[in-house]
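One file, my_file_31.json, carrying JSON, C-alpha atoms:
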[["chain", "number", "residue", "atom", "x", "y", "z"],
["A", 1, "ALA", "CA", 1.11, 38.52, -97.53],
["A", 2, "VAL", "CA", 0.75, 41.98, -99.13],
["A", 3, "ASP", "CA", -1.56, 40.42, -101.75],
["A", 4, "ASP", "CA", -3.87, 38.67, -99.28],
["A", 5, "ALA", "CA", -6.52, 41.40, -99.70],
["A", 6, "VAL", "CA", -6.51, 40.88, -103.48],
["A", 7, "ALA", "CA", -6.85, 37.11, -103.08],
["A", 8, "ALA", "CA", -9.68, 37.60, -100.58],
["A", 9, "GLU", "CA", -11.54, 39.94, -102.95],
["A", 10, "CYS", "CA", -11.12, 37.45, -105.80],
["A", 11, "GLU", "CA", -12.59, 34.74, -103.59],
["A", 12, "ARG", "CA", -15.45, 37.04, -102.57],
["A", 13, "ILE", "CA", -16.44, 37.73, -106.19],
["A", 14, "ALA", "CA", -15.70, 34.16, -107.35],
["A", 15, "VAL", "CA", -12.82, 35.05, -109.67],
["A", 16, "PRO", "CA", -10.01, 32.49, -109.93],
["A", 17, "CYS", "CA", -6.76, 33.71, -108.43],
["A", 18, "HIS", "CA", -3.28, 32.30, -108.92],
["A", 19, "ARG", "CA", -0.32, 33.28, -106.76],
["A", 20, "GLY", "CA", 3.33, 32.61, -107.45],
["A", 21, "PRO", "CA", 6.85, 34.01, -107.02],
["A", 22, "VAL", "CA", 6.84, 37.76, -106.36],
["A", 23, "ASP", "CA", 9.83, 38.50, -108.60],
["A", 24, "ASP", "CA", 9.07, 36.08, -111.45],
["A", 25, "VAL", "CA", 5.98, 37.20, -113.35],
["A", 26, "LEU", "CA", 6.60, 34.72, -116.17],
["A", 27, "THR", "CA", 6.44, 31.80, -113.74],
["A", 28, "ARG", "CA", 3.16, 33.19, -112.38],
["A", 29, "PHE", "CA", 1.71, 33.30, -115.90],
["A", 30, "VAL", "CA", 2.75, 29.71, -116.59],
["A", 31, "GLY", "CA", 1.26, 28.66, -113.25],
["A", 32, "ALA", "CA", -2.03, 30.35, -114.13],
["A", 33, "LEU", "CA", -1.95, 28.60, -117.53],
["A", 34, "ASP", "CA", -1.35, 25.26, -115.79],
["A", 35, "ALA", "CA", -4.35, 25.89, -113.53],
["A", 36, "HIS", "CA", -6.54, 27.09, -116.43],
["A", 37, "PRO", "CA", -5.29, 25.42, -119.64],
["A", 38, "GLY", "CA", -5.84, 27.07, -122.99],
["A", 39, "ASP", "CA", -4.35, 27.38, -126.45],
["A", 40, "ALA", "CA", -3.22, 30.97, -125.95],
["A", 41, "VAL", "CA", -2.88, 33.61, -123.25],
["A", 42, "MET", "CA", -3.92, 37.25, -123.53],
["A", 43, "ARG", "CA", -1.78, 39.46, -121.32],
["A", 44, "PHE", "CA", -3.13, 42.61, -119.69],
["A", 45, "THR", "CA", -1.53, 44.47, -116.83],
["A", 46, "ALA", "CA", -3.09, 46.11, -113.79],
["A", 47, "ASP", "CA", -1.56, 49.46, -114.70],
["A", 48, "CYS", "CA", -3.78, 49.61, -117.80],
["A", 49, "PRO", "CA", -7.32, 50.26, -116.50],
["A", 50, "LEU", "CA", -8.73, 51.83, -119.69],
["A", 51, "LEU", "CA", -8.47, 48.86, -122.06],
["A", 52, "ASP", "CA", -10.75, 49.03, -125.10],
["A", 53, "PRO", "CA", -12.74, 45.80, -125.69],
["A", 54, "GLU", "CA", -12.96, 46.57, -129.43],
["A", 55, "ILE", "CA", -9.17, 46.67, -129.72],
["A", 56, "ILE", "CA", -8.88, 43.44, -127.71],
["A", 57, "ALA", "CA", -11.37, 41.74, -130.07],
["A", 58, "THR", "CA", -9.54, 43.05, -133.14],
["A", 59, "VAL", "CA", -6.18, 41.70, -131.98],
["A", 60, "ALA", "CA", -7.76, 38.36, -131.05],
["A", 61, "SER", "CA", -9.26, 38.13, -134.55],
["A", 62, "VAL", "CA", -5.92, 38.91, -136.18],
["A", 63, "TYR", "CA", -4.18, 36.31, -134.00],
["A", 64, "ARG", "CA", -6.72, 33.62, -134.94],
["A", 65, "ALA", "CA", -6.46, 34.52, -138.63],
["A", 66, "VAL", "CA", -2.72, 33.82, -138.88],
["A", 67, "PRO", "CA", -1.92, 30.09, -138.62],
["A", 68, "GLY", "CA", 1.24, 29.20, -136.72],
["A", 69, "LEU", "CA", 1.59, 32.57, -135.02],
["A", 70, "ASP", "CA", 3.38, 32.51, -131.67],
["A", 71, "TYR", "CA", 2.79, 36.09, -130.56],
["A", 72, "ALA", "CA", 0.77, 39.14, -131.60],
["A", 73, "SER", "CA", 0.92, 42.55, -129.97],
["A", 74, "THR", "CA", 0.00, 46.18, -130.45],
["A", 75, "SER", "CA", 3.25, 47.30, -128.83],
["A", 76, "ILE", "CA", 5.83, 46.06, -131.36],
["A", 77, "ALA", "CA", 5.17, 49.09, -133.57],
["A", 78, "ARG", "CA", 3.32, 51.46, -131.28],
["A", 79, "THR", "CA", 0.32, 53.36, -132.67],
["A", 80, "LEU", "CA", -1.87, 53.03, -129.58],
["A", 81, "PRO", "CA", -1.47, 55.02, -126.38],
["A", 82, "ARG", "CA", 0.67, 53.38, -123.73],
["A", 83, "GLY", "CA", -1.92, 51.68, -121.55],
["A", 84, "LEU", "CA", -4.07, 50.14, -124.27],
["A", 85, "ASP", "CA", -1.64, 47.41, -125.31],
["A", 86, "VAL", "CA", -2.94, 43.96, -126.17],
["A", 87, "GLU", "CA", -0.74, 40.86, -126.31],
["A", 88, "ILE", "CA", -1.57, 37.28, -127.22],
["A", 89, "ILE", "CA", 0.91, 34.45, -126.96],
["A", 90, "ARG", "CA", 0.45, 30.82, -127.91],
["A", 91, "ALA", "CA", 0.50, 28.60, -124.80],
["A", 92, "GLU", "CA", 3.44, 26.51, -125.99],
["A", 93, "ALA", "CA", 5.40, 29.65, -126.87],
["A", 94, "LEU", "CA", 4.79, 30.93, -123.32],
["A", 95, "ARG", "CA", 6.12, 27.64, -121.96],
["A", 96, "ALA", "CA", 9.17, 27.98, -124.21],
["A", 97, "LEU", "CA", 9.76, 31.48, -122.82],
["A", 98, "ASP", "CA", 9.69, 30.02, -119.33],
["A", 99, "ARG", "CA", 12.57, 27.73, -120.30],
["A", 100, "LEU", "CA", 14.58, 30.41, -122.18],
["A", 101, "ALA", "CA", 13.99, 33.79, -120.56],
["A", 102, "THR", "CA", 16.27, 35.31, -117.92],
["A", 103, "ASP", "CA", 16.62, 38.62, -116.08],
["A", 104, "HIS", "CA", 14.18, 41.38, -117.12],
["A", 105, "HIS", "CA", 12.43, 39.04, -119.57],
["A", 106, "ARG", "CA", 10.97, 37.15, -116.58],
["A", 107, "VAL", "CA", 9.37, 40.38, -115.34],
["A", 108, "HIS", "CA", 8.00, 41.48, -118.73],
["A", 109, "VAL", "CA", 6.66, 37.98, -119.52],
["A", 110, "THR", "CA", 6.54, 38.16, -123.35],
["A", 111, "SER", "CA", 9.54, 40.39, -124.11],
["A", 112, "TYR", "CA", 11.83, 37.46, -124.91],
["A", 113, "ALA", "CA", 9.49, 36.47, -127.76],
["A", 114, "TYR", "CA", 9.41, 39.83, -129.51],
["A", 115, "THR", "CA", 13.12, 40.48, -128.96],
["A", 116, "HIS", "CA", 13.95, 37.08, -130.49],
["A", 117, "PRO", "CA", 11.90, 36.98, -133.71],
["A", 118, "GLU", "CA", 14.36, 34.43, -135.09],
["A", 119, "LEU", "CA", 12.92, 31.95, -132.57],
["A", 120, "PHE", "CA", 9.26, 32.99, -132.50],
["A", 121, "ARG", "CA", 6.76, 33.96, -135.17],
["A", 122, "VAL", "CA", 5.68, 37.43, -134.05],
["A", 123, "LEU", "CA", 3.22, 39.90, -135.53],
["A", 124, "GLY", "CA", 2.81, 43.57, -134.72],
["A", 125, "VAL", "CA", -0.72, 44.91, -134.99],
["A", 126, "THR", "CA", -1.06, 48.61, -135.73],
["A", 127, "LEU", "CA", -4.21, 50.66, -135.76],
["A", 128, "THR", "CA", -4.82, 54.06, -137.29],
["A", 129, "PRO", "CA", -4.85, 56.89, -136.59],
["A", 130, "ASP", "CA", -1.61, 56.98, -134.64],
["A", 131, "ARG", "CA", -2.44, 57.90, -131.04],
["A", 132, "SER", "CA", 0.86, 56.83, -129.52],
["A", 133, "GLY", "CA", 1.39, 60.35, -128.15],
["A", 134, "LEU", "CA", -1.24, 59.75, -125.45],
["A", 135, "ARG", "CA", -0.31, 58.10, -122.17],
["A", 136, "LEU", "CA", -3.19, 56.15, -120.56],
["A", 137, "THR", "CA", -1.30, 53.92, -118.15],
["A", 138, "LEU", "CA", -0.89, 54.18, -114.38],
["A", 139, "ASP", "CA", 2.72, 54.39, -113.22],
["A", 140, "THR", "CA", 2.97, 57.86, -111.68],
["A", 141, "GLU", "CA", 0.97, 60.48, -109.77],
["A", 142, "GLN", "CA", 0.63, 62.40, -113.06],
["A", 143, "ASP", "CA", -0.91, 59.31, -114.68],
["A", 144, "TRP", "CA", -3.31, 58.98, -111.72],
["A", 145, "THR", "CA", -4.42, 62.59, -112.21],
["A", 146, "LEU", "CA", -5.21, 62.02, -115.89],
["A", 147, "LEU", "CA", -6.91, 58.65, -115.38],
["A", 148, "SER", "CA", -8.98, 60.01, -112.48],
["A", 149, "ALA", "CA", -10.21, 62.85, -114.69],
["A", 150, "VAL", "CA", -11.16, 60.34, -117.41],
["A", 151, "VAL", "CA", -13.14, 58.19, -114.95],
["A", 152, "ASP", "CA", -14.73, 61.29, -113.40],
["A", 153, "HIS", "CA", -15.92, 62.34, -116.87],
["A", 154, "PHE", "CA", -16.98, 59.00, -118.38],
["A", 155, "GLY", "CA", -17.71, 56.94, -115.28],
["A", 156, "ASP", "CA", -16.54, 53.43, -114.49],
["A", 157, "VAL", "CA", -17.17, 52.05, -117.99],
["A", 158, "SER", "CA", -15.12, 50.99, -120.99],
["A", 159, "VAL", "CA", -14.70, 53.89, -123.38],
["A", 160, "PRO", "CA", -13.74, 53.27, -127.03],
["A", 161, "LEU", "CA", -10.35, 54.77, -127.81],
["A", 162, "GLY", "CA", -11.75, 57.06, -130.53],
["A", 163, "LYS", "CA", -14.26, 58.62, -128.14],
["A", 164, "LEU", "CA", -11.65, 58.96, -125.39],
["A", 165, "ALA", "CA", -9.03, 60.46, -127.72],
["A", 166, "ASP", "CA", -11.56, 62.93, -129.15],
["A", 167, "TRP", "CA", -12.45, 64.08, -125.63],
["A", 168, "LEU", "CA", -8.78, 64.39, -124.66],
["A", 169, "ASP", "CA", -8.12, 66.44, -127.81],
["A", 170, "GLY", "CA", -10.36, 69.09, -126.25],
["A", 171, "GLN", "CA", -8.49, 68.88, -122.92],
["A", 172, "PRO", "CA", -4.94, 70.12, -123.69],
["A", 173, "ALA", "CA", -4.14, 70.95, -120.05],
["A", 174, "LEU", "CA", -5.17, 67.46, -118.97],
["A", 175, "ARG", "CA", -3.19, 65.80, -121.79],
["A", 176, "ALA", "CA", -0.13, 67.77, -120.67],
["A", 177, "VAL", "CA", -0.33, 66.43, -117.08],
["A", 178, "ASN", "CA", 1.61, 63.25, -117.90],
["A", 179, "ALA", "CA", 3.00, 64.09, -121.35],
["A", 180, "ASP", "CA", 6.54, 64.39, -119.98],
["A", 181, "VAL", "CA", 6.55, 61.07, -118.11],
["A", 182, "ARG", "CA", 9.35, 58.90, -119.47],
["A", 183, "GLN", "CA", 8.53, 55.22, -119.83],
["A", 184, "LYS", "CA", 11.20, 52.94, -118.38],
["A", 185, "ARG", "CA", 13.24, 50.96, -120.86],
["A", 186, "LEU", "CA", 12.66, 47.21, -120.98],
["A", 187, "GLU", "CA", 15.91, 46.52, -119.14],
["A", 188, "GLU", "CA", 15.01, 48.88, -116.26],
["A", 189, "SER", "CA", 12.47, 46.56, -114.64]]
Using structure tokens, write down the structure from this file.
Amino acid sequence: AVDDAVAAECERIAVPCHRGPVDDVLTRFVGALDAHPGDAVMRFTADCPLLDPEIIATVASVYRAVPGLDYASTSIARTLPRGLDVEIIRAEALRALDRLATDHHRVHVTSYAYTHPELFRVLGVTLTPDRSGLRLTLDTEQDWTLLSAVVDHFGDVSVPLGKLADWLDGQPALRAVNADVRQKRLEES
């Protein structure tokens, strides 16, 4: 019931909406795939509002260029800020995860794939320069402060990472707002 407003807004703007078990994100992803079949699934999370379409397109191109790949991600070897991650998983690999994954892997959806590279063909995509020191995700009040300042400055538009990082380089006090936030470990879901 707490998500009724989201479902209503999706209906209002004619965006498909899939609902499933609250505590099993992987099952929700598979349900969405069942409702909207495809060869692969790109995973983005609601706590990452500053995604860069150029990075998304780059990772999609890399994924398509490697035959037989099960999973590609920018987070295996992190060079991007937390909050700009892109993941792509082959549909059948996602279905395999649904059969194999337990515990925290059901919350993190794709984590079973990249923690079991003996079972899945995974590829880490890295981009230079390394900007992994920035935190552009929304988990804390400090994150909200930084993200609000970014939106106040640039507006409600997609901003290429290079442009955003250059601007933040000139804002050391703003960068420091969430620099000490510790990201939870995978197992801490």
Find the residues near region 22-25 of chain A: any atom within 7 Å, counting all atoms listed in the file, skip ones fewer than 2 places away on the same chain, and give them as a ChimeraX atom specification.
-> /A:20,27-29,106-107,109
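Residues with any atom within 6 Å of region 78-93 of chain A, counting all atoms listed in the file and excluding same-chain neighbours fewer than 3 positions away, are Asp39, Ala40, Val41, Met42, Arg43, Cys48, Leu51, Asp70, Tyr71, Ala72, Ser73, Thr74, Ser75, Ala96, Thr126, Asp130, Arg131, Ser132, Leu134, Arg135, Leu136 and Thr137 of chain A.
One finds CA of Gly31 (chain A) at 17.9 Å from CA of Glu11 (chain A).
Relative to CA of Ala46 (chain A), CA of Leu69 (chain A) is found at 25.6 Å.
Between Pro160 (chain A) and the residues A:Leu33, A:Ile55, A:Cys17, A:Cys10, the shortest atom-to-atom distance, using only C-alpha atoms, involves A:Ile55.
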